[in-house]
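**Student:** Structure file start.cif, mmCIF, C-alpha atoms, pLDDT in the B column; chains and numbers go by the auth columns, is pasted below:
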data_entry
#
loop_
_atom_site.group_PDB
_atom_site.id
_atom_site.type_symbol
_atom_site.label_atom_id
_atom_site.label_comp_id
_atom_site.label_asym_id
_atom_site.label_seq_id
_atom_site.Cartn_x
_atom_site.Cartn_y
_atom_site.Cartn_z
_atom_site.B_iso_or_equiv
_atom_site.auth_seq_id
_atom_site.auth_asym_id
ATOM 1 C CA MET A 1 -116.182 -47.469 131.823 56.00 25 B
ATOM 2 C CA GLU A 2 -115.163 -44.142 133.293 69.00 26 B
ATOM 3 C CA PHE A 3 -117.788 -41.432 132.963 68.00 27 B
ATOM 4 C CA SER A 4 -119.206 -38.378 134.601 73.00 28 B
ATOM 5 C CA VAL A 5 -122.464 -36.510 134.336 74.00 29 B
ATOM 6 C CA ASN A 6 -121.968 -32.823 133.571 75.00 30 B
ATOM 7 C CA ALA A 7 -124.081 -29.920 134.869 78.00 31 B
ATOM 8 C CA GLY A 8 -126.375 -30.250 131.844 75.00 32 B
ATOM 9 C CA GLY A 9 -127.126 -33.879 132.699 69.00 33 B
ATOM 10 C CA GLU A 10 -125.070 -35.236 129.796 67.00 34 B
ATOM 11 C CA VAL A 11 -122.971 -38.373 130.170 68.00 35 B
ATOM 12 C CA VAL A 12 -119.311 -37.646 129.420 73.00 36 B
ATOM 13 C CA LEU A 13 -117.146 -40.685 128.677 71.00 37 B
ATOM 14 C CA HIS A 14 -113.525 -40.712 129.847 70.00 38 B
ATOM 15 C CA PRO A 15 -110.705 -42.933 128.611 69.00 39 B
ATOM 16 C CA PRO A 16 -110.302 -46.015 130.794 63.00 40 B
ATOM 17 C CA ARG A 17 -107.541 -46.082 133.346 62.00 41 B
ATOM 18 C CA PRO A 18 -104.570 -48.207 132.316 61.00 42 B
ATOM 19 C CA ALA A 19 -104.650 -51.754 133.588 56.00 43 B
ATOM 20 C CA ARG A 20 -102.480 -52.545 136.569 57.00 44 B
ATOM 21 C CA LYS A 21 -99.198 -54.005 135.422 58.00 45 B
ATOM 22 C CA GLY A 22 -98.096 -57.258 136.871 56.00 46 B
ATOM 23 C CA ALA A 23 -101.616 -58.362 137.799 55.00 47 B
ATOM 24 C CA PRO A 24 -101.725 -62.158 137.647 56.00 48 B
ATOM 25 C CA ARG A 25 -103.710 -63.543 134.778 52.00 49 B
ATOM 26 C CA LYS A 26 -106.529 -65.838 135.826 45.00 50 B
ATOM 27 C CA GLU A 27 -106.415 -69.471 134.920 32.00 51 B
ATOM 28 C CA ARG A 28 -108.920 -70.109 132.115 25.00 52 B
ATOM 29 C CA PHE A 29 -111.497 -71.923 134.250 26.00 53 B
ATOM 30 C CA ASP A 30 -111.358 -69.282 136.977 35.00 54 B
ATOM 31 C CA ALA A 31 -111.707 -66.554 134.330 31.00 55 B
ATOM 32 C CA VAL A 32 -115.125 -67.862 133.214 27.00 56 B
ATOM 33 C CA ARG A 33 -116.408 -68.609 136.699 32.00 57 B
ATOM 34 C CA GLY A 34 -118.913 -66.079 138.069 36.00 58 B
ATOM 35 C CA SER A 35 -117.913 -64.003 141.053 30.00 59 B
ATOM 36 C CA ALA A 36 -121.346 -63.896 142.722 31.00 60 B
ATOM 37 C CA ASP A 37 -121.450 -65.085 146.316 35.00 61 B
ATOM 38 C CA VAL A 38 -123.714 -68.115 146.110 38.00 62 B
ATOM 39 C CA ARG A 39 -123.954 -68.265 149.921 46.00 63 B
ATOM 40 C CA TRP A 40 -125.976 -65.042 149.993 52.00 64 B
ATOM 41 C CA ARG A 41 -129.294 -66.096 151.472 61.00 65 B
ATOM 42 C CA THR A 42 -132.711 -64.461 151.428 67.00 66 B
ATOM 43 C CA ASP A 43 -132.491 -63.522 155.110 71.00 67 B
ATOM 44 C CA GLU A 44 -129.195 -61.719 154.438 75.00 68 B
ATOM 45 C CA LEU A 45 -130.808 -59.885 151.515 73.00 69 B
ATOM 46 C CA MET A 46 -133.778 -58.821 153.639 74.00 70 B
ATOM 47 C CA LYS A 47 -131.464 -57.572 156.398 79.00 71 B
ATOM 48 C CA LEU A 48 -129.501 -55.542 153.854 81.00 72 B
ATOM 49 C CA LEU A 49 -132.690 -54.165 152.259 81.00 73 B
ATOM 50 C CA ARG A 50 -134.038 -53.133 155.664 83.00 74 B
ATOM 51 C CA ALA A 51 -130.814 -51.311 156.498 86.00 75 B
ATOM 52 C CA GLN A 52 -130.653 -49.570 153.110 86.00 76 B
ATOM 53 C CA ALA A 53 -134.329 -48.570 153.297 85.00 77 B
ATOM 54 C CA GLN A 54 -133.385 -46.484 156.345 87.00 78 B
ATOM 55 C CA LEU A 55 -130.818 -44.594 154.234 89.00 79 B
ATOM 56 C CA HIS A 56 -132.252 -44.481 150.701 86.00 80 B
ATOM 57 C CA ALA A 57 -135.505 -44.810 148.826 88.00 81 B
ATOM 58 C CA LEU A 58 -135.352 -48.283 147.264 90.00 82 B
ATOM 59 C CA ALA A 59 -135.905 -48.507 143.519 94.00 83 B
ATOM 60 C CA ILE A 60 -135.751 -50.988 140.676 94.00 84 B
ATOM 61 C CA ASN A 61 -135.864 -50.542 136.925 96.00 85 B
ATOM 62 C CA PRO A 62 -137.596 -52.638 134.237 96.00 86 B
ATOM 63 C CA VAL A 63 -134.513 -54.848 133.812 95.00 87 B
ATOM 64 C CA ILE A 64 -134.477 -55.693 137.515 93.00 88 B
ATOM 65 C CA TYR A 65 -138.256 -56.207 137.402 94.00 89 B
ATOM 66 C CA ALA A 66 -137.763 -58.737 134.593 93.00 90 B
ATOM 67 C CA GLU A 67 -135.066 -60.533 136.589 90.00 91 B
ATOM 68 C CA LEU A 68 -137.303 -60.621 139.676 88.00 92 B
ATOM 69 C CA SER A 69 -140.146 -62.068 137.602 88.00 93 B
ATOM 70 C CA LEU A 70 -138.261 -65.360 137.359 86.00 94 B
ATOM 71 C CA SER A 71 -139.246 -66.026 140.972 84.00 95 B
ATOM 72 C CA PHE A 72 -142.985 -65.320 140.547 83.00 96 B
ATOM 73 C CA SER A 73 -145.733 -67.213 138.734 84.00 97 B
ATOM 74 C CA THR A 74 -147.729 -64.081 137.764 85.00 98 B
ATOM 75 C CA PHE A 75 -146.956 -60.431 137.249 85.00 99 B
ATOM 76 C CA GLU A 76 -149.715 -59.591 139.732 89.00 100 B
ATOM 77 C CA ALA A 77 -147.839 -61.500 142.444 88.00 101 B
ATOM 78 C CA LEU A 78 -144.627 -59.686 141.546 89.00 102 B
ATOM 79 C CA ASP A 79 -146.430 -56.327 141.557 90.00 103 B
ATOM 80 C CA ARG A 80 -147.768 -57.090 145.047 88.00 104 B
ATOM 81 C CA ALA A 81 -144.261 -57.909 146.277 86.00 105 B
ATOM 82 C CA VAL A 82 -142.835 -54.736 144.717 88.00 106 B
ATOM 83 C CA ALA A 83 -145.601 -52.679 146.341 88.00 107 B
ATOM 84 C CA THR A 84 -145.139 -54.385 149.710 87.00 108 B
ATOM 85 C CA LEU A 85 -141.402 -53.665 149.616 84.00 109 B
ATOM 86 C CA GLU A 86 -142.186 -50.079 148.569 86.00 110 B
ATOM 87 C CA LEU A 87 -139.855 -50.311 145.585 90.00 111 B
ATOM 88 C CA ALA A 88 -140.153 -47.386 143.203 94.00 112 B
ATOM 89 C CA MET A 89 -139.976 -48.193 139.484 96.00 113 B
ATOM 90 C CA HIS A 90 -137.487 -45.977 137.647 97.00 114 B
ATOM 91 C CA GLU A 91 -137.285 -46.037 133.882 97.00 115 B
ATOM 92 C CA VAL A 92 -133.767 -46.278 132.459 96.00 116 B
ATOM 93 C CA PRO A 93 -132.866 -42.853 131.021 96.00 117 B
ATOM 94 C CA ARG A 94 -131.318 -42.614 127.552 95.00 118 B
ATOM 95 C CA PRO A 95 -127.917 -41.444 128.894 94.00 119 B
ATOM 96 C CA ALA A 96 -127.740 -44.654 130.949 95.00 120 B
ATOM 97 C CA LEU A 97 -128.665 -46.772 127.918 95.00 121 B
ATOM 98 C CA PHE A 98 -125.885 -45.047 125.970 94.00 122 B
ATOM 99 C CA LEU A 99 -123.383 -45.615 128.781 94.00 123 B
ATOM 100 C CA ALA A 100 -124.432 -49.261 129.153 94.00 124 B
ATOM 101 C CA ALA A 101 -123.747 -49.955 125.487 92.00 125 B
ATOM 102 C CA LYS A 102 -120.354 -48.241 125.642 91.00 126 B
ATOM 103 C CA ALA A 103 -119.337 -50.168 128.780 90.00 127 B
ATOM 104 C CA TYR A 104 -120.539 -53.439 127.232 90.00 128 B
ATOM 105 C CA LEU A 105 -118.569 -52.761 124.057 89.00 129 B
ATOM 106 C CA GLN A 106 -115.464 -51.940 126.073 87.00 130 B
ATOM 107 C CA SER A 107 -115.880 -55.177 128.021 86.00 131 B
ATOM 108 C CA ARG A 108 -116.218 -57.206 124.827 85.00 132 B
ATOM 109 C CA ARG A 109 -113.127 -55.549 123.359 85.00 133 B
ATOM 110 C CA ARG A 110 -111.200 -56.559 126.473 82.00 134 B
ATOM 111 C CA GLY A 111 -112.118 -60.142 125.715 78.00 135 B
ATOM 112 C CA ALA A 112 -114.934 -60.699 128.196 71.00 136 B
ATOM 113 C CA GLY A 113 -116.948 -62.598 125.607 66.00 137 B
ATOM 114 C CA ARG A 114 -120.654 -63.181 125.890 65.00 138 B
ATOM 115 C CA ALA A 115 -120.426 -64.210 129.546 63.00 139 B
ATOM 116 C CA GLN A 116 -120.978 -60.546 130.420 67.00 140 B
ATOM 117 C CA VAL A 117 -124.691 -60.016 129.877 77.00 141 B
ATOM 118 C CA LEU A 118 -126.038 -56.706 128.635 86.00 142 B
ATOM 119 C CA PRO A 119 -128.766 -56.401 131.340 91.00 143 B
ATOM 120 C CA ASP A 120 -126.084 -56.021 134.030 92.00 144 B
ATOM 121 C CA PHE A 121 -124.683 -53.080 132.093 94.00 145 B
ATOM 122 C CA PHE A 122 -128.148 -51.462 131.952 95.00 146 B
ATOM 123 C CA ILE A 123 -128.438 -51.840 135.721 96.00 147 B
ATOM 124 C CA GLY A 124 -124.953 -50.517 136.505 95.00 148 B
ATOM 125 C CA ALA A 125 -125.142 -47.603 134.083 95.00 149 B
ATOM 126 C CA HIS A 126 -128.600 -46.625 135.371 96.00 150 B
ATOM 127 C CA ALA A 127 -127.387 -46.487 138.976 96.00 151 B
ATOM 128 C CA GLY A 128 -124.271 -44.606 137.914 94.00 152 B
ATOM 129 C CA VAL A 129 -126.090 -41.962 135.897 95.00 153 B
ATOM 130 C CA GLU A 130 -128.641 -41.435 138.686 94.00 154 B
ATOM 131 C CA GLY A 131 -125.881 -41.329 141.287 93.00 155 B
ATOM 132 C CA SER A 132 -127.653 -44.049 143.233 94.00 156 B
ATOM 133 C CA PRO A 133 -125.954 -46.837 145.168 94.00 157 B
ATOM 134 C CA LEU A 134 -126.396 -50.329 143.754 94.00 158 B
ATOM 135 C CA LEU A 135 -127.232 -53.327 145.949 91.00 159 B
ATOM 136 C CA THR A 136 -125.842 -56.496 144.372 88.00 160 B
ATOM 137 C CA ARG A 137 -124.311 -59.823 145.218 81.00 161 B
ATOM 138 C CA ASP A 138 -121.941 -59.497 142.243 83.00 162 B
ATOM 139 C CA ALA A 139 -119.995 -56.461 143.419 89.00 163 B
ATOM 140 C CA SER A 140 -116.750 -57.175 141.580 87.00 164 B
ATOM 141 C CA ARG A 141 -118.436 -57.182 138.170 86.00 165 B
ATOM 142 C CA PHE A 142 -120.109 -53.815 138.712 91.00 166 B
ATOM 143 C CA ARG A 143 -117.007 -52.288 140.280 90.00 167 B
ATOM 144 C CA SER A 144 -114.845 -53.395 137.370 87.00 168 B
ATOM 145 C CA HIS A 145 -117.118 -51.828 134.755 89.00 169 B
ATOM 146 C CA PHE A 146 -118.299 -48.790 136.735 91.00 170 B
ATOM 147 C CA PRO A 147 -115.493 -47.900 139.173 89.00 171 B
ATOM 148 C CA ARG A 148 -117.180 -44.719 140.440 90.00 172 B
ATOM 149 C CA LEU A 149 -120.411 -46.541 141.252 93.00 173 B
ATOM 150 C CA GLU A 150 -121.234 -46.961 144.938 94.00 174 B
ATOM 151 C CA VAL A 151 -121.730 -50.703 145.297 93.00 175 B
ATOM 152 C CA ILE A 152 -123.362 -52.224 148.371 90.00 176 B
ATOM 153 C CA ALA A 153 -122.785 -55.922 148.853 85.00 177 B
ATOM 154 C CA PRO A 154 -122.718 -58.378 151.726 75.00 178 B
#
Can you turn what I pasted into structure tokens?
**Tutor:**
Amino acid sequence: MEFSVNAGGEVVLHPPRPARKGAPRKERFDAVRGSADVRWRTDELMKLLRAQAQLHALAINPVIYAELSLSFSTFEALDRAVATLELAMHEVPRPALFLAAKAYLQSRRRGAGRAQVLPDFFIGAHAGVEGSPLLTRDASRFRSHFPRLEVIAP
């Protein structure tokens, strides 16, 4: 989804760029396979977080918080980890919610099906509207839906 944020803070949608002609079509099994790098280990993540913390204030939003909660037995334990990592909690602004829905709809119309989950669109749109870089192990997905987004990946 191509977009910009004007001087008044409004999200302005732009028509998508035409698809590259002659791009090979993926075989059906490859098309449904995720593009995340499963070899990305915790130590690599921590190294990347340390490096990015020197450049940016690190932040998460409620969607990322919910995803992180899968690795914790209580919300208190997750809150302690978030505090220890000095992660700021940013609410998702309405312009980002709007953009996320538009990008999701565009993806569905292109035939992505339900494999593309809406939470990823909330995350990508939020980073895009805030002008913040996004740390992810699934860079290709975010780059395909939000081409102007600065994506940081191993």
**Student:** May I ask which of the residues B:Ser168, B:Val87, B:Leu73, B:Pro119 is the closest one to B:Leu142, counting all atoms listed in the file?
**Tutor:** B:Val87
**Student:** Report as a short mmCIF file (atom, residue, chain, number, x, y, z; two decimals) with C-alpha atoms, keeping the file's coordinate frame all protein, DNA and RNA residues lying within 9 Å of B:Pro117, evaluated on only C-alpha atoms, omitting residues in the same chain fewer than 3 positions from it.
**Tutor:**
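Output saved as out_35.cif:
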data_model
loop_
_atom_site.label_atom_id
_atom_site.label_comp_id
_atom_site.auth_asym_id
_atom_site.auth_seq_id
_atom_site.Cartn_x
_atom_site.Cartn_y
_atom_site.Cartn_z
CA HIS B 114 -137.49 -45.98 137.65
CA ALA B 120 -127.74 -44.65 130.95
CA LEU B 121 -128.66 -46.77 127.92
CA PHE B 122 -125.88 -45.05 125.97
CA HIS B 150 -128.60 -46.62 135.37
CA VAL B 153 -126.09 -41.96 135.90
CA GLU B 154 -128.64 -41.44 138.69
#
**Student:** Would you mind reading off the distance between atom CA of B:Tyr89 and atom CA of B:Leu111, one decimal, in Å?
**Tutor:** 10.2 Å
**Student:** Quick check, in Å to one decimal: how far apart do atom CA of B:Glu68 and atom CA of B:Leu159 lie?
**Tutor:** 12.1 Å
**Student:** Could you tell me how far atom CA of B:Ala75 sits from atom CA of B:Ser97, in Å to one decimal place?
**Tutor:**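 Those two atoms sit 28.1 Å apart.
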**Student:** Smallest atom-to-atom distance to B:Met113: which of B:Asn85, B:Gly155, B:Ala77, B:Leu69, using all atoms listed in the file?
**Tutor:**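 The shortest atom-to-atom distance to B:Met113 comes from B:Asn85.
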**Student:** Counting all atoms listed in the file, figure out which residue out of B:Val141, B:Ala163, B:Leu123, B:Leu94 gets nearest to B:Val29.
**Tutor:**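 So, comparing all the options, the nearest one is B:Leu123.
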**Student:** For the file shown, what are the residues hit by the PyMOL selection byres ((chain B and resi 102-104) around 12), laid out as a list in words?
**Tutor:** Ile84, Ile88, Tyr89, Ala90, Glu91, Leu92, Ser93, Leu94, Ser95, Phe96, Ser97, Thr98, Phe99, Glu100, Ala101, Ala105, Val106, Ala107, Thr108, Leu109, Glu110, Leu111, Ala112 and Met113 of chain B
**Student:** Name the residues that the PyMOL selection byres ((chain B and resi 128) around 12) pulls out of this structure, and write them as a PyMOL selection string.
**Tutor:** chain B and resi 25+120-127+129-149+165-166+168-170
**Student:** Spell out the residues picked by the PyMOL selection byres ((chain B and resi 76) around 12) here, as a PDB file with C-alpha atoms, in the coordinates of the input.
**Tutor:**
ATOM      1  CA  LEU B  69    -130.808 -59.885 151.515  1.00 73.00           C
ATOM      2  CA  MET B  70    -133.778 -58.821 153.639  1.00 74.00           C
ATOM      3  CA  LYS B  71    -131.464 -57.572 156.398  1.00 79.00           C
ATOM      4  CA  LEU B  72    -129.501 -55.542 153.854  1.00 81.00           C
ATOM      5  CA  LEU B  73    -132.690 -54.165 152.259  1.00 81.00           C
ATOM      6  CA  ARG B  74    -134.038 -53.133 155.664  1.00 83.00           C
ATOM      7  CA  ALA B  75    -130.814 -51.311 156.498  1.00 86.00           C
ATOM      8  CA  ALA B  77    -134.329 -48.570 153.297  1.00 85.00           C
ATOM      9  CA  GLN B  78    -133.385 -46.484 156.345  1.00 87.00           C
ATOM     10  CA  LEU B  79    -130.818 -44.594 154.234  1.00 89.00           C
ATOM     11  CA  HIS B  80    -132.252 -44.481 150.701  1.00 86.00           C
ATOM     12  CA  ALA B  81    -135.505 -44.810 148.826  1.00 88.00           C
ATOM     13  CA  LEU B  82    -135.352 -48.283 147.264  1.00 90.00           C
ATOM     14  CA  ALA B  83    -135.905 -48.507 143.519  1.00 94.00           C
ATOM     15  CA  LEU B 111    -139.855 -50.311 145.585  1.00 90.00           C
ATOM     16  CA  SER B 156    -127.653 -44.049 143.233  1.00 94.00           C
ATOM     17  CA  PRO B 157    -125.954 -46.837 145.168  1.00 94.00           C
ATOM     18  CA  LEU B 158    -126.396 -50.329 143.754  1.00 94.00           C
ATOM     19  CA  LEU B 159    -127.232 -53.327 145.949  1.00 91.00           C
ATOM     20  CA  VAL B 175    -121.730 -50.703 145.297  1.00 93.00           C
ATOM     21  CA  ILE B 176    -123.362 -52.224 148.371  1.00 90.00           C
ATOM     22  CA  ALA B 177    -122.785 -55.922 148.853  1.00 85.00           C
ATOM     23  CA  PRO B 178    -122.718 -58.378 151.726  1.00 75.00           C
TER      24      PRO B 178
END
**Student:** Kindly reconstruct stretch 69-88 of chain B with N, CA, C and O atoms and present the result as an mmCIF file, in the coordinates of the input.
**Tutor:**
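The new file result_9.cif reads:
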data_model
loop_
_atom_site.group_PDB
_atom_site.id
_atom_site.type_symbol
_atom_site.label_atom_id
_atom_site.label_comp_id
_atom_site.auth_asym_id
_atom_site.auth_seq_id
_atom_site.Cartn_x
_atom_site.Cartn_y
_atom_site.Cartn_z
ATOM 1 N N LEU B 69 -130.298 -60.906 152.427
ATOM 2 C CA LEU B 69 -130.808 -59.885 151.515
ATOM 3 C C LEU B 69 -131.825 -58.998 152.222
ATOM 4 O O LEU B 69 -131.762 -57.767 152.125
ATOM 5 N N MET B 70 -132.756 -59.600 152.948
ATOM 6 C CA MET B 70 -133.778 -58.821 153.639
ATOM 7 C C MET B 70 -133.154 -57.905 154.693
ATOM 8 O O MET B 70 -133.557 -56.761 154.854
ATOM 9 N N LYS B 71 -132.155 -58.388 155.403
ATOM 10 C CA LYS B 71 -131.464 -57.572 156.398
ATOM 11 C C LYS B 71 -130.801 -56.373 155.721
ATOM 12 O O LYS B 71 -130.898 -55.244 156.200
ATOM 13 N N LEU B 72 -130.156 -56.619 154.594
ATOM 14 C CA LEU B 72 -129.501 -55.542 153.854
ATOM 15 C C LEU B 72 -130.523 -54.553 153.303
ATOM 16 O O LEU B 72 -130.328 -53.338 153.373
ATOM 17 N N LEU B 73 -131.636 -55.053 152.767
ATOM 18 C CA LEU B 73 -132.690 -54.165 152.259
ATOM 19 C C LEU B 73 -133.274 -53.301 153.373
ATOM 20 O O LEU B 73 -133.486 -52.108 153.183
ATOM 21 N N ARG B 74 -133.513 -53.905 154.529
ATOM 22 C CA ARG B 74 -134.038 -53.133 155.664
ATOM 23 C C ARG B 74 -133.082 -52.006 156.049
ATOM 24 O O ARG B 74 -133.497 -50.874 156.282
ATOM 25 N N ALA B 75 -131.809 -52.324 156.123
ATOM 26 C CA ALA B 75 -130.814 -51.311 156.498
ATOM 27 C C ALA B 75 -130.739 -50.204 155.443
ATOM 28 O O ALA B 75 -130.706 -49.016 155.782
ATOM 29 N N GLN B 76 -130.746 -50.572 154.171
ATOM 30 C CA GLN B 76 -130.653 -49.570 153.110
ATOM 31 C C GLN B 76 -131.922 -48.732 153.014
ATOM 32 O O GLN B 76 -131.865 -47.554 152.654
ATOM 33 N N ALA B 77 -133.065 -49.322 153.340
ATOM 34 C CA ALA B 77 -134.329 -48.570 153.297
ATOM 35 C C ALA B 77 -134.326 -47.436 154.316
ATOM 36 O O ALA B 77 -135.052 -46.451 154.148
ATOM 37 N N GLN B 78 -133.507 -47.556 155.361
ATOM 38 C CA GLN B 78 -133.385 -46.484 156.345
ATOM 39 C C GLN B 78 -132.553 -45.325 155.802
ATOM 40 O O GLN B 78 -132.650 -44.200 156.290
ATOM 41 N N LEU B 79 -131.734 -45.593 154.784
ATOM 42 C CA LEU B 79 -130.818 -44.594 154.234
ATOM 43 C C LEU B 79 -131.246 -44.034 152.883
ATOM 44 O O LEU B 79 -130.955 -42.888 152.566
ATOM 45 N N HIS B 80 -131.908 -44.852 152.081
ATOM 46 C CA HIS B 80 -132.252 -44.481 150.701
ATOM 47 C C HIS B 80 -133.672 -44.944 150.372
ATOM 48 O O HIS B 80 -134.141 -45.921 150.934
ATOM 49 N N ALA B 81 -134.277 -44.277 149.409
ATOM 50 C CA ALA B 81 -135.505 -44.810 148.826
ATOM 51 C C ALA B 81 -135.075 -45.972 147.934
ATOM 52 O O ALA B 81 -134.134 -45.849 147.156
ATOM 53 N N LEU B 82 -135.719 -47.116 148.069
ATOM 54 C CA LEU B 82 -135.352 -48.283 147.264
ATOM 55 C C LEU B 82 -136.066 -48.224 145.924
ATOM 56 O O LEU B 82 -137.240 -47.871 145.845
ATOM 57 N N ALA B 83 -135.333 -48.574 144.863
ATOM 58 C CA ALA B 83 -135.905 -48.507 143.519
ATOM 59 C C ALA B 83 -135.377 -49.652 142.672
ATOM 60 O O ALA B 83 -134.292 -50.177 142.913
ATOM 61 N N ILE B 84 -136.162 -50.018 141.692
ATOM 62 C CA ILE B 84 -135.751 -50.988 140.676
ATOM 63 C C ILE B 84 -136.052 -50.360 139.322
ATOM 64 O O ILE B 84 -136.737 -49.335 139.231
ATOM 65 N N ASN B 85 -135.529 -50.979 138.276
ATOM 66 C CA ASN B 85 -135.864 -50.542 136.925
ATOM 67 C C ASN B 85 -136.487 -51.724 136.179
ATOM 68 O O ASN B 85 -136.578 -52.825 136.739
ATOM 69 N N PRO B 86 -136.942 -51.533 134.951
ATOM 70 C CA PRO B 86 -137.596 -52.638 134.237
ATOM 71 C C PRO B 86 -136.715 -53.876 134.056
ATOM 72 O O PRO B 86 -137.225 -54.996 134.027
ATOM 73 N N VAL B 87 -135.416 -53.697 133.954
ATOM 74 C CA VAL B 87 -134.513 -54.848 133.812
ATOM 75 C C VAL B 87 -134.521 -55.671 135.098
ATOM 76 O O VAL B 87 -134.623 -56.903 135.069
ATOM 77 N N ILE B 88 -134.442 -55.000 136.232
ATOM 78 C CA ILE B 88 -134.477 -55.693 137.515
ATOM 79 C C ILE B 88 -135.847 -56.340 137.718
ATOM 80 O O ILE B 88 -135.952 -57.472 138.198
#
